[in-house]
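Chemist: Submitted below is the structure of interest, expressed as structure tokens.
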Amino acid sequence: MKRAKKSMLRTLLGSVREYKLPSILTPLCMIGEVAFECFIPFLMSTRLLGHLEQAHELGVSPDVNYLLIWGGILILCAIMSLTFGSLAGIFAAKASTGFGKNLRKDLYYKLQGFSFKNIDNFSTSSLVTRLTTDVSNVQHAYQMVIRIAVRAPVMMVVSVVFAINILPKVGLIYLISVPFLVIGLALVMIFAMRTFNKIFKKYDALNNTVQENIKGMRVVKAYVREDYERDKFEKSAEDVRRSFTKAEKIVALNNPIMNIAMYTTTTLVLFLCASLGAEFDVANLSALMSYSVQILMSFMMFSMFFVMLTMAMASGKRITEVLNEESTIVDPVDPLTSVNDGSIEFKNVSFKYSDTSEKFALSDVNVKINSGETIGILGSTGSSKSTLVQLIPRLYDTSEGEVLVGGKNVKDYDLKVLRDSVAMVLQKNVLFSGTVAENVRWGDKDASLDEVKRVCKMACADEFISSFPDGYDTKIEQGGANVSGGQKQRLCIARALLKKPKILILDDSTSAVDTKTDAFIRNSIKNEIPDTTKIIIAQRVASVMDADKIIIMDNGKINAVGTHDELLKNNSIYQEVYYSQTQTDNATKEVNG
């Protein structure tokens, strides 16, 4: 039974953690600031202005000592208000930035635990936006929540209490203006939030355009498509601009709503005071106007807060979608902590990428692979060769049937133990920013430089690494942009060999190297790790013809399993591939000869 998803607020607040103390101290300091700030008009009217007015009425000079004492108390109140306000700012900054840091960390760590199926639910550009723009929006809103969302209502309530204490009838004015303001801001928030929800999806599209363009810059330039890419970016950017303009138009209604409430309230207060005439003294009028300003300023703060909160709620929803996403692949309750050998067996395996998909990517797969065997896999594009091998380390889970490794169901293993026993060189070879040695050490972080060099020689990578001025200390640019496709493949093979796995999977990983290098790499692997089960997915028959078994995939099913001689004799698909490539190779030799 699936665990119920937590609410957005509860999920987000789970990232506060060690920053709870500054998060609590911030509103407490805000209350202190507001208390002293609201106390100042009261003291000003009742002590100073009241004393001056009384002295004027009696025709005597004011008591200077009295004025100095209460003047000093007012200054002290101002200093205390400033101190509490400064502390609130410091605590709020610490709490919000720490919250933002934890939120990014939680998102990033969550992504690390996702299965391929989970990752398929989100685009790369969308995840980048959620980790950056969305987190920033929520972080800023959190700072406003623990400051403005506390200061504004406290100041409003305290000021209203003081104002009513001075003139009880003024309470009726606020009873009229506050509901009008609340209803107006709520409507603005509802309509603006709908627009912001759409905006962030358009942000994802914009980021996707940028990401594709930067990643494929060489292709763009090769096909002279710069103008096309500029137009595509401009359209995405203009779409975001139009959406933001629409949202800002809605949000801009905050100001007229606030102004109506502010000036109407001020006018009514002045009218009420004027109607009382001599019954209402100057000291009380001064205090009342100060409290009116504070109440209206609270309304203004609420207005700013609601604008930020509207954006943050849209962002928070997107962040929560990731944080509440449950990985489809998890460790069992009592996992196996060791893999006996590299034997593999597929039992009645069927698989589809989505539960809603009508068609299976793999259907009724049954095959057994002995530990230490070399297995070749051939098939046309889209025959699900890569999908088949991705089930072995549980990058995906089967929809039906089971996959056994070392005689045990892969779902019974600890994920780290299972994946440490399997090394994969995927179709899309990925290198990371860092040195050549650091990239190879992904296979074994504690490997010595001699071990790194040994596996690089096996993968025919040492020859080009040695040609670099900095050798193994050569910096690899982001995505391996400063090495060729063939060099990237060889570094990835070396990385996999350093892992010393029980199962090695090469997914079309020598397609960018020549046949001589391909043969050398296969021979090195065979001699270096004879007890490791080796699975080679290839397009070239020459890459697999020496394998112990060759699996022919066709439309998500196993068409045939056998040796090169057996398949060449009995299987039409293998015959077609073999003869077409052999004839091509012979024709090439004749031309070159």
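Just remember, in the structure tokens the first chain shown is A, the second B, etc., residues are 1-based per chain, and ligands are 1-based in the order shown.
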In stretch 283-523 of chain A, what's strand (DSSP E) per DSSP? Answer as a PyMOL selection string?

Modeler: chain A and resi 344-351+362-369+374-379+400-405+408-409+422-425+434-435+475-476+503-507

Chemist: Would you list the contacts of stretch 226-235 of chain A as a count of residues only, taking every protein, DNA or RNA residue within 7 Å and counting only C-alpha atoms, but skipping same-chain residues closer than 6 positions in sequence?

Modeler: 3

Chemist: Please identify all polymer residues within 8 Å of A:Ser292, counting only C-alpha atoms, omitting same-chain residues fewer than 6 positions from it, and present them as a PyMOL selection string.

Modeler: chain A and resi 159+163+266

Chemist: Next, dump the selected residues to file, keeping only C-alpha atoms, as a PDB file, in the first residue's frame.

Modeler:
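Listed below is the output, out18.pdb:
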```
ATOM      1  CA  SER A 159      -2.448  49.444  16.704  1.00  0.00           C
ATOM      2  CA  ALA A 163      -6.657  53.278  18.444  1.00  0.00           C
ATOM      3  CA  THR A 266      -7.728  57.890   6.655  1.00  0.00           C
TER       4      THR A 266
END
```

Chemist: For a quick check of understanding, using only C-alpha atoms, which of A:Ser399, A:Asn208, A:Gln489, A:Gln539 has the smallest distance to A:Thr124?

Modeler: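 Ranking A:Ser399, A:Asn208, A:Gln489, A:Gln539 by distance to A:Thr124, first place goes to A:Asn208.
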
Chemist: In terms of the shortest atom-to-atom distance over only C-alpha atoms, which of A:Leu362, A:Asp341, A:Asp420, A:Phe306 is closest to A:Asp531?

Modeler: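 Comparing A:Leu362, A:Asp341, A:Asp420, A:Phe306 against A:Asp531, the winner is A:Asp341.
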
Chemist: Can you tell me, as a list in words, what residues are no more than 7 Å from A:Ile537 when counting only C-alpha atoms, ignoring any on the same chain fewer than 6 positions away?

Modeler: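 In the requested form, the answer reads Gly376, Ile377, Leu378, Leu506, Asp507 and Asp508 of chain A.
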
Chemist: Take the residues just selected and output them with N, CA and C atoms as a PDB file, in the first residue's frame.

Modeler:
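Result written to selection.pdb:
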```
ATOM      1  N   GLY A 376      26.938 -11.944 -26.545  1.00  0.00           N
ATOM      2  CA  GLY A 376      26.713 -10.869 -27.503  1.00  0.00           C
ATOM      3  C   GLY A 376      25.218 -10.662 -27.701  1.00  0.00           C
ATOM      4  N   ILE A 377      24.822  -9.432 -27.901  1.00  0.00           N
ATOM      5  CA  ILE A 377      23.410  -9.136 -28.176  1.00  0.00           C
ATOM      6  C   ILE A 377      23.335  -8.296 -29.439  1.00  0.00           C
ATOM      7  N   LEU A 378      22.604  -8.793 -30.418  1.00  0.00           N
ATOM      8  CA  LEU A 378      22.399  -8.091 -31.682  1.00  0.00           C
ATOM      9  C   LEU A 378      20.912  -7.847 -31.895  1.00  0.00           C
ATOM     10  N   LEU A 506      28.660  -3.874 -21.833  1.00  0.00           N
ATOM     11  CA  LEU A 506      29.131  -2.884 -22.799  1.00  0.00           C
ATOM     12  C   LEU A 506      28.006  -2.645 -23.806  1.00  0.00           C
ATOM     13  N   ASP A 507      27.328  -1.528 -23.647  1.00  0.00           N
ATOM     14  CA  ASP A 507      26.163  -1.231 -24.480  1.00  0.00           C
ATOM     15  C   ASP A 507      26.586  -0.392 -25.684  1.00  0.00           C
ATOM     16  N   ASP A 508      26.940  -1.086 -26.763  1.00  0.00           N
ATOM     17  CA  ASP A 508      27.384  -0.416 -28.000  1.00  0.00           C
ATOM     18  C   ASP A 508      28.476   0.601 -27.681  1.00  0.00           C
TER      19      ASP A 508
END
```

Chemist: Go through A:Asn121, A:Ser136, A:Asn254, A:Thr374 one by one, measure the shortest atom-to-atom distance of each to A:Lys526 using only C-alpha atoms, and give the residue with the smallest value.

Modeler: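 Result for the nearest residue to A:Lys526: A:Thr374.
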
Chemist: Which one of A:Ile529, A:Ile148, A:Ile199, A:Met297 sits closest to A:Ser126 if you count only C-alpha atoms?

Modeler: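 Going through A:Ile529, A:Ile148, A:Ile199, A:Met297 one by one, the smallest distance to A:Ser126 is for A:Ile199.
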
Chemist: Check the smallest atom-to-atom distance from each of A:Ser81, A:Lys105, A:Ile493, A:Asp334 to A:Ile525 using only C-alpha atoms, then report the winner.

Modeler: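 Going through A:Ser81, A:Lys105, A:Ile493, A:Asp334 one by one, the smallest distance to A:Ile525 is for A:Ile493.
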
Chemist: Do a neighbour search on A:Ile257 at 12 Å with only C-alpha atoms, toss out local chain neighbours closer than 4 positions, and write the hits as JSON, numbers by chain.

Modeler: {"A": [177, 178, 179, 180, 181, 182, 183, 184, 185, 186, 187, 188, 250, 251, 252, 253, 261, 262, 263, 264, 296, 299, 300, 302, 303]}

Chemist: Just write the chosen residues, N, CA and C atoms, as a PDB file, in the first residue's frame.

Modeler:
```
ATOM      1  N   SER A 177     -13.153  48.338   6.502  1.00  0.00           N
ATOM      2  CA  SER A 177     -12.050  48.334   5.531  1.00  0.00           C
ATOM      3  C   SER A 177     -11.320  46.995   5.450  1.00  0.00           C
ATOM      4  N   VAL A 178     -11.162  46.320   6.603  1.00  0.00           N
ATOM      5  CA  VAL A 178     -10.394  45.073   6.609  1.00  0.00           C
ATOM      6  C   VAL A 178     -11.041  43.984   5.751  1.00  0.00           C
ATOM      7  N   PRO A 179     -12.350  43.705   5.895  1.00  0.00           N
ATOM      8  CA  PRO A 179     -12.957  42.679   5.025  1.00  0.00           C
ATOM      9  C   PRO A 179     -12.837  43.008   3.543  1.00  0.00           C
ATOM     10  N   PHE A 180     -13.005  44.288   3.196  1.00  0.00           N
ATOM     11  CA  PHE A 180     -12.857  44.698   1.798  1.00  0.00           C
ATOM     12  C   PHE A 180     -11.458  44.360   1.283  1.00  0.00           C
ATOM     13  N   LEU A 181     -10.456  44.659   2.114  1.00  0.00           N
ATOM     14  CA  LEU A 181      -9.067  44.411   1.724  1.00  0.00           C
ATOM     15  C   LEU A 181      -8.780  42.915   1.609  1.00  0.00           C
ATOM     16  N   VAL A 182      -9.236  42.151   2.583  1.00  0.00           N
ATOM     17  CA  VAL A 182      -8.978  40.705   2.592  1.00  0.00           C
ATOM     18  C   VAL A 182      -9.593  40.032   1.366  1.00  0.00           C
ATOM     19  N   ILE A 183     -10.837  40.381   1.044  1.00  0.00           N
ATOM     20  CA  ILE A 183     -11.515  39.794  -0.112  1.00  0.00           C
ATOM     21  C   ILE A 183     -10.790  40.173  -1.408  1.00  0.00           C
ATOM     22  N   GLY A 184     -10.384  41.443  -1.515  1.00  0.00           N
ATOM     23  CA  GLY A 184      -9.678  41.907  -2.717  1.00  0.00           C
ATOM     24  C   GLY A 184      -8.362  41.187  -2.919  1.00  0.00           C
ATOM     25  N   LEU A 185      -7.559  41.068  -1.832  1.00  0.00           N
ATOM     26  CA  LEU A 185      -6.260  40.385  -1.940  1.00  0.00           C
ATOM     27  C   LEU A 185      -6.432  38.901  -2.233  1.00  0.00           C
ATOM     28  N   ALA A 186      -7.449  38.280  -1.666  1.00  0.00           N
ATOM     29  CA  ALA A 186      -7.692  36.857  -1.905  1.00  0.00           C
ATOM     30  C   ALA A 186      -8.014  36.589  -3.373  1.00  0.00           C
ATOM     31  N   LEU A 187      -8.833  37.459  -3.961  1.00  0.00           N
ATOM     32  CA  LEU A 187      -9.177  37.294  -5.385  1.00  0.00           C
ATOM     33  C   LEU A 187      -7.951  37.464  -6.272  1.00  0.00           C
ATOM     34  N   VAL A 188      -7.134  38.475  -5.940  1.00  0.00           N
ATOM     35  CA  VAL A 188      -5.902  38.687  -6.704  1.00  0.00           C
ATOM     36  C   VAL A 188      -5.000  37.461  -6.613  1.00  0.00           C
ATOM     37  N   ILE A 250      -2.277  41.308 -12.987  1.00  0.00           N
ATOM     38  CA  ILE A 250      -3.192  40.877 -11.924  1.00  0.00           C
ATOM     39  C   ILE A 250      -2.668  41.314 -10.564  1.00  0.00           C
ATOM     40  N   VAL A 251      -1.358  41.069 -10.348  1.00  0.00           N
ATOM     41  CA  VAL A 251      -0.742  41.417  -9.065  1.00  0.00           C
ATOM     42  C   VAL A 251      -0.763  42.930  -8.840  1.00  0.00           C
ATOM     43  N   ALA A 252      -0.681  43.701  -9.937  1.00  0.00           N
ATOM     44  CA  ALA A 252      -0.669  45.169  -9.822  1.00  0.00           C
ATOM     45  C   ALA A 252      -1.960  45.714  -9.216  1.00  0.00           C
ATOM     46  N   LEU A 253      -3.018  44.901  -9.220  1.00  0.00           N
ATOM     47  CA  LEU A 253      -4.277  45.331  -8.608  1.00  0.00           C
ATOM     48  C   LEU A 253      -4.147  45.493  -7.094  1.00  0.00           C
ATOM     49  N   ALA A 261      -8.313  51.277   0.269  1.00  0.00           N
ATOM     50  CA  ALA A 261      -8.487  50.996   1.692  1.00  0.00           C
ATOM     51  C   ALA A 261      -7.802  52.048   2.553  1.00  0.00           C
ATOM     52  N   MET A 262      -6.569  52.421   2.151  1.00  0.00           N
ATOM     53  CA  MET A 262      -5.777  53.357   2.935  1.00  0.00           C
ATOM     54  C   MET A 262      -6.420  54.743   2.996  1.00  0.00           C
ATOM     55  N   TYR A 263      -6.728  55.313   1.831  1.00  0.00           N
ATOM     56  CA  TYR A 263      -7.239  56.684   1.806  1.00  0.00           C
ATOM     57  C   TYR A 263      -8.673  56.774   2.336  1.00  0.00           C
ATOM     58  N   THR A 264      -9.446  55.721   2.086  1.00  0.00           N
ATOM     59  CA  THR A 264     -10.811  55.715   2.625  1.00  0.00           C
ATOM     60  C   THR A 264     -10.777  55.681   4.152  1.00  0.00           C
ATOM     61  N   LEU A 296      -2.290  50.896   8.263  1.00  0.00           N
ATOM     62  CA  LEU A 296      -2.266  50.899   6.800  1.00  0.00           C
ATOM     63  C   LEU A 296      -0.948  50.346   6.272  1.00  0.00           C
ATOM     64  N   PHE A 299      -1.252  46.748   6.202  1.00  0.00           N
ATOM     65  CA  PHE A 299      -1.951  46.327   4.990  1.00  0.00           C
ATOM     66  C   PHE A 299      -0.992  46.256   3.802  1.00  0.00           C
ATOM     67  N   MET A 300      -0.106  47.249   3.691  1.00  0.00           N
ATOM     68  CA  MET A 300       0.862  47.282   2.592  1.00  0.00           C
ATOM     69  C   MET A 300       1.805  46.078   2.670  1.00  0.00           C
ATOM     70  N   PHE A 302       1.117  43.225   4.034  1.00  0.00           N
ATOM     71  CA  PHE A 302       0.313  42.075   3.623  1.00  0.00           C
ATOM     72  C   PHE A 302       0.244  41.967   2.111  1.00  0.00           C
ATOM     73  N   SER A 303       0.114  43.102   1.454  1.00  0.00           N
ATOM     74  CA  SER A 303       0.037  43.128  -0.001  1.00  0.00           C
ATOM     75  C   SER A 303       1.316  42.573  -0.617  1.00  0.00           C
TER      76      SER A 303
END
```

Chemist: Residues near stretch 547-552 of chain A, anyone? I mean within 7 Å using only C-alpha atoms, not counting same-chain ones fewer than 2 positions away, as a list in words.

Modeler: Glu373, Thr374, Ile375, Gly376, Ile377, Leu378, Gly379, Val544, Met545, Asp554, Ile558, Asn559, Ala560, Val561, Gly562, Thr563 and His564 of chain A

Chemist: Those same residues, written as an mmCIF file, in the first residue's frame with C-alpha atoms?

Modeler:
```cif
data_model
loop_
_atom_site.group_PDB
_atom_site.id
_atom_site.type_symbol
_atom_site.label_atom_id
_atom_site.label_comp_id
_atom_site.auth_asym_id
_atom_site.auth_seq_id
_atom_site.Cartn_x
_atom_site.Cartn_y
_atom_site.Cartn_z
ATOM 1 C CA GLU A 373 30.409 -16.305 -20.183
ATOM 2 C CA THR A 374 30.736 -13.715 -22.901
ATOM 3 C CA ILE A 375 27.349 -12.883 -24.369
ATOM 4 C CA GLY A 376 26.713 -10.869 -27.503
ATOM 5 C CA ILE A 377 23.410 -9.136 -28.176
ATOM 6 C CA LEU A 378 22.399 -8.091 -31.682
ATOM 7 C CA GLY A 379 19.212 -6.538 -32.957
ATOM 8 C CA VAL A 544 30.234 -10.482 -30.916
ATOM 9 C CA MET A 545 31.027 -13.370 -33.238
ATOM 10 C CA ASP A 554 13.625 -8.556 -32.472
ATOM 11 C CA ILE A 558 14.364 -12.986 -28.105
ATOM 12 C CA ASN A 559 14.359 -14.299 -31.628
ATOM 13 C CA ALA A 560 17.212 -16.764 -31.204
ATOM 14 C CA VAL A 561 20.159 -17.733 -28.972
ATOM 15 C CA GLY A 562 23.231 -19.543 -30.231
ATOM 16 C CA THR A 563 26.868 -19.411 -31.287
ATOM 17 C CA HIS A 564 28.070 -17.611 -34.390
#
```

Chemist: I want to know what sits within 12 Å of A:Glu18, based on only C-alpha atoms, with residues of the same chain fewer than 3 positions away left out; could you give that as a PyMOL selection string?

Modeler: chain A and resi 13-15+21-24+94-99+101-102

Chemist: Kindly export the residues of the current selection with C-alpha atoms, as a PDB file, in the first residue's frame.

Modeler:
```pdb
ATOM      1  CA  LEU A  13       8.867  22.619   6.509  1.00  0.00           C
ATOM      2  CA  GLY A  14      10.662  19.290   6.810  1.00  0.00           C
ATOM      3  CA  SER A  15      13.703  21.061   5.316  1.00  0.00           C
ATOM      4  CA  LEU A  21      15.852  28.121  16.450  1.00  0.00           C
ATOM      5  CA  PRO A  22      16.475  31.180  14.227  1.00  0.00           C
ATOM      6  CA  SER A  23      13.065  30.518  12.641  1.00  0.00           C
ATOM      7  CA  ILE A  24      11.467  30.790  16.104  1.00  0.00           C
ATOM      8  CA  LYS A  94      20.113  32.760   8.660  1.00  0.00           C
ATOM      9  CA  ALA A  95      16.847  30.789   8.786  1.00  0.00           C
ATOM     10  CA  SER A  96      15.801  31.449   5.172  1.00  0.00           C
ATOM     11  CA  THR A  97      19.199  30.818   3.571  1.00  0.00           C
ATOM     12  CA  GLY A  98      19.630  27.661   5.661  1.00  0.00           C
ATOM     13  CA  PHE A  99      16.145  26.533   4.684  1.00  0.00           C
ATOM     14  CA  LYS A 101      20.215  25.187   1.358  1.00  0.00           C
ATOM     15  CA  ASN A 102      18.436  22.228   2.948  1.00  0.00           C
TER      16      ASN A 102
END
```

Chemist: Choose the residue, out of A:Ser298, A:Thr267, A:Glu325, A:Thr46, that has the smallest atom-to-atom separation from A:Ser286; count only C-alpha atoms.

Modeler: A:Thr46

Chemist: DSSP on the backbone: which residues in stretch 478-529 of chain A end up as helix (DSSP H, G or I)? Give the answer as number ranges by chain.

Modeler: A: 478-480, 485-498, 515-528

Chemist: One number please: atom CA of A:Thr532 to atom CA of A:Ala494, in Å, one decimal.

Modeler: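 These two atoms are separated by 15.0 Å.
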
Chemist: For a test of reading the model, state the distance in Å between atom CA of A:Tyr66 and atom CA of A:Leu52, rounded to one decimal.

Modeler: 10.5 Å
